[in-house]
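Heads up: the structure comes next, in structure tokens.
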Amino acid sequence: MRTSTLFVLSLALLSAIDLPGQGRGRRGRRSQPQPPAAKAPAAPAQEPAKKEPKHYTAIVGGDVYIGTGQRLTGATVLIADDKIERVGHNVELPQGTKVLDAKGRCVSPGFVIVKGSGMGAGFSGPYKDTVNPFDPSIKQGLAAGITSFLAGSTTSRGRIGGNNAVIKLHYGDVEGMVLVENSVVGLSMPLDRASKEKLEKQIEQCREYLAALADYPAKKAKDPKAKEPKQPRGAEKVLAVLQGKAKLWISTGGAGFSPFARMMGVSGGGSDLAAIRDALDVARMFGRGVVLDGPTSAWLVPDEIAATGSGVILSPRTRVPRDPKDPDRTGSNLASAAILAKAGVPVAVTCPAGMFGGSGVGTNGILGQDLNTPHVDAAYAVRGGLDNRKALRTITLDAAVAMGVGDRIGSLEPGKDADVLILTGDPLHYSTFVTTAVVNGKVVYEKGKEALFRHIER
């Protein structure tokens with residue numbers, strides 16, 4: 001009985017204590033609701049911690065050609081893992097930095113070749129599955145200063161096409177060989193009227209699609225049932241150009257074709273001025289610059305090309321005879337690169353067509369093996385009046401821009417891939433040797449360790 005009484009009293013006491021918690025005051029009235037506790041201010045979003053480099057390499061004391069036209073005497077190039085960290089004087093080197101002595105040497109960006117073959121590249125995509133990182137011609141290319149090139153096709157008759165990749169000469173490493181696939185798409189001139197109208201219609205459809213795609217998130221927020229716009233059929237490459245994801249190369253067809261003349265490094269006569277202007281019309285359709293591939297007559301209309309923001313790929317060694325009936329406005333001009341550069345047109349160079357066509361650096365070019373002499377075409381541009389440092393851009397930065405990878409390679413600027421050469425002299429001089437080549441921050445070639453080159457001295 002006593003136990004039961006104590007239990008009842010305990011329950012009554014607990015109920016009395018809990019009344020305020022049930023919202024009742026002393027006189028049994030419900031108290032005013034308490035305002036919710038203020039939320040603590042959200043902590044500011046923290047930026048992801050910067051990844052500290054694992055390895056540092058410094059190329060010290062050389063005369064550094066940045067690749068943009070600048071040259072620094074006795075400077076340092078600091079590499080963090082596979083990227084350029086800093087270029088300049090009085091660069092503080094982190095502890096444990098590997099030092100490459102370049103005193104008395106020249107330092108340059110690796111040569112970027114707009115058209116190439118071999119050197120470990122496959123013949124089709126996905127290129128990562130077909131590259132050969134142990135191809136002996138990779139070392140041959142590195143000895144000549146080549147660190148990257150465009151492999152594959154870049155043209156398509158009547159429509160925009162192409163299947164290509166930017167290949168790096170990262171000897172022994174599959175992962176480091178393919179920089180990007182299909183950064184270039186191509187189109188060949190001339191276009192017939194039907195093809196031109198079809199292209200113009202496709203560009204307009206793609207513009208409408210991109211506008212609808214940009215508006216889609218807002219429509220979706222208002223109407224959950226709104227459907228995402230459909231991409232126009234077969235428009236992937238046109239969209240890539242409009243979105244700035246790929247460079248459009250337009251082949252103007254040069255000024256004619258003669259396989260017998262090509263054996264002598266001479267193309268057929270005539271003019272491709274009409275094809276150049278048709279290509280510039282395509283640039284205006286897209287509203288962005290294109291790359292004119294091999295235009296013989298570009299030297300006649302440099303301002304027209306510059307006005308569209310377009311670039312040019314030239315072969316300075318290719319000779320096209322003038323038409324005797326119009327000698328002042330036909331044929332090739334050794335001064336083409338200089339004339340175009342003066343007008344503000346970016347110029348990249350490539351070697352002439354070989355005996356069996358093509359105009360890419362490889363082992364069957366006009367010199368037998370243009371793989372050994374990628375600087376010769378830039379030197380020919382100098383012979384035609386182009387400034388020496390601008391000529392270096394034709395096989396470094398301007399070549400990289402033409403390939404759509406100017407943000408990654410082509411110059412020694414912080415944040416870019418560490419593709420660097422140490423040379424015995426001026427990068428374009430015929431007697432200069434590459435002593436060391438660095439690709440993706442890794443030393444992949446040293447002349448003193450290569451049986452084919454270590455015994456050659458000047």
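Identifiers in the structure tokens: chain A, B, ... in order shown; residue index from 1 per chain; ligand index from 1 in order shown.
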*Would you list the contacts of Thr373 (chain A) as a PyMOL selection string, taking every protein, DNA or RNA residue within 7 Å and counting only C-alpha atoms, but skipping same-chain residues closer than 3 positions in sequence?*
chain A and resi 144+370+376
The selected residues should be written to file as a JSON list (two decimals), in the first residue's frame (atoms: all heavy atoms).
[["chain", "number", "residue", "atom", "x", "y", "z"],
["A", 144, "ALA", "N", 65.19, 16.30, -82.78],
["A", 144, "ALA", "CA", 64.96, 17.47, -83.63],
["A", 144, "ALA", "C", 64.15, 18.54, -82.93],
["A", 144, "ALA", "O", 63.85, 19.58, -83.52],
["A", 144, "ALA", "CB", 64.25, 17.04, -84.91],
["A", 370, "ASP", "N", 61.87, 14.81, -93.10],
["A", 370, "ASP", "CA", 61.57, 16.10, -92.49],
["A", 370, "ASP", "C", 61.46, 15.97, -90.98],
["A", 370, "ASP", "O", 61.46, 16.97, -90.27],
["A", 370, "ASP", "CB", 60.27, 16.66, -93.06],
["A", 370, "ASP", "CG", 60.44, 17.13, -94.50],
["A", 370, "ASP", "OD1", 61.19, 18.08, -94.71],
["A", 370, "ASP", "OD2", 59.84, 16.52, -95.40],
["A", 376, "VAL", "N", 63.35, 23.94, -90.34],
["A", 376, "VAL", "CA", 63.74, 24.46, -91.64],
["A", 376, "VAL", "C", 62.66, 25.37, -92.23],
["A", 376, "VAL", "O", 62.96, 26.43, -92.80],
["A", 376, "VAL", "CB", 64.07, 23.31, -92.61],
["A", 376, "VAL", "CG1", 64.14, 23.80, -94.05],
["A", 376, "VAL", "CG2", 65.38, 22.65, -92.21]]
*Write down as a PyMOL selection string the residues belonging to region 206-307 of chain A that are assigned helix (DSSP H, G or I) by DSSP computed on the backbone.*
chain A and resi 206-222+236-242+259-263+273-286+298-300+302-307
*Apply DSSP to the backbone of this structure and, from region 75-239 of chain A, keep only the residues in strand (DSSP E or B); write these as JSON, numbers by chain.*
{"A": [75, 76, 77, 78, 79, 80, 83, 84, 85, 86, 87, 88, 98, 99, 100, 101, 106, 107, 108, 109, 111, 112, 113, 116, 146, 147, 148, 149, 150, 151, 152, 153, 157, 161, 163, 164, 165, 166, 167, 168, 178, 179, 180, 181, 184, 185, 186, 187, 188]}
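Distances here use only C-alpha atoms; by that measure, the residue among A:Ile203, A:Val238, A:Leu314, A:Ala451 closest to Thr252 (chain A) is A:Leu314.
Distance-wise, CA of Ala246 (chain A) and CA of Val184 (chain A) end up 5.1 Å apart.
Distances to His89 (chain A) were evaluated for A:Ala418, A:Gly116, A:Lys103, A:Val60 using only C-alpha atoms, and the minimum falls at A:Val60.
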_Could you list, as a list in words, every residue within 7 Å of Val87 (chain A), counting only C-alpha atoms and ignoring same-chain residues fewer than 5 positions away?_
Thr76, Val77 and Leu78 of chain A
*Give me the residues within 8 Å of Lys416 (chain A) as a ChimeraX atom specification, counting only C-alpha atoms and dropping any in the same chain fewer than 5 places off.*
/A:83-84,407-409,411
*asked:* Need the shell around Thr394 (chain A): protein/DNA/RNA residues with any atom at most 12 Å away, counting only C-alpha atoms. Skip same-chain ones fewer than 2 positions apart. Format as a PyMOL selection string?
replied: chain A and resi 67-69+109-114+311-316+337-338+340-341+345-351+374-382+386-392+396-403+410-411+428
Report the closest atom pair, with its distance in Å rounded to one decimal, for each residue of region 234-346 of chain A that has an atom no farther than 8 Å from region 206-226 of chain A; count only C-alpha atoms, sort by chain and then rising residue number, and write it as CSV.
residue,atom,partner,partner_atom,distance
A:Ala235,CA,A:Cys206,CA,7.2
A:Val238,CA,A:Cys206,CA,7.4
A:Leu239,CA,A:Cys206,CA,6.3
A:Leu242,CA,A:Arg207,CA,7.9
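Distance-wise, CA of Asp281 (chain A) and CA of Asp326 (chain A) end up 25.0 Å apart.
Of the listed residues A:Asp135, A:Asn372, A:Ala275, A:Asn440, the one whose atoms come nearest to Val178 (chain A) is A:Asn440, with distances taken using only C-alpha atoms.
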*So how far away is CA of Gly289 (chain A) from CA of Val320 (chain A), in Å?*
26.0 Å
*Identify which of the residues A:Leu199, A:Ser332, A:Thr424, A:Gly294 lies closest to Gly384 (chain A), counting only C-alpha atoms when measuring atom-to-atom distances.*
A:Ser332
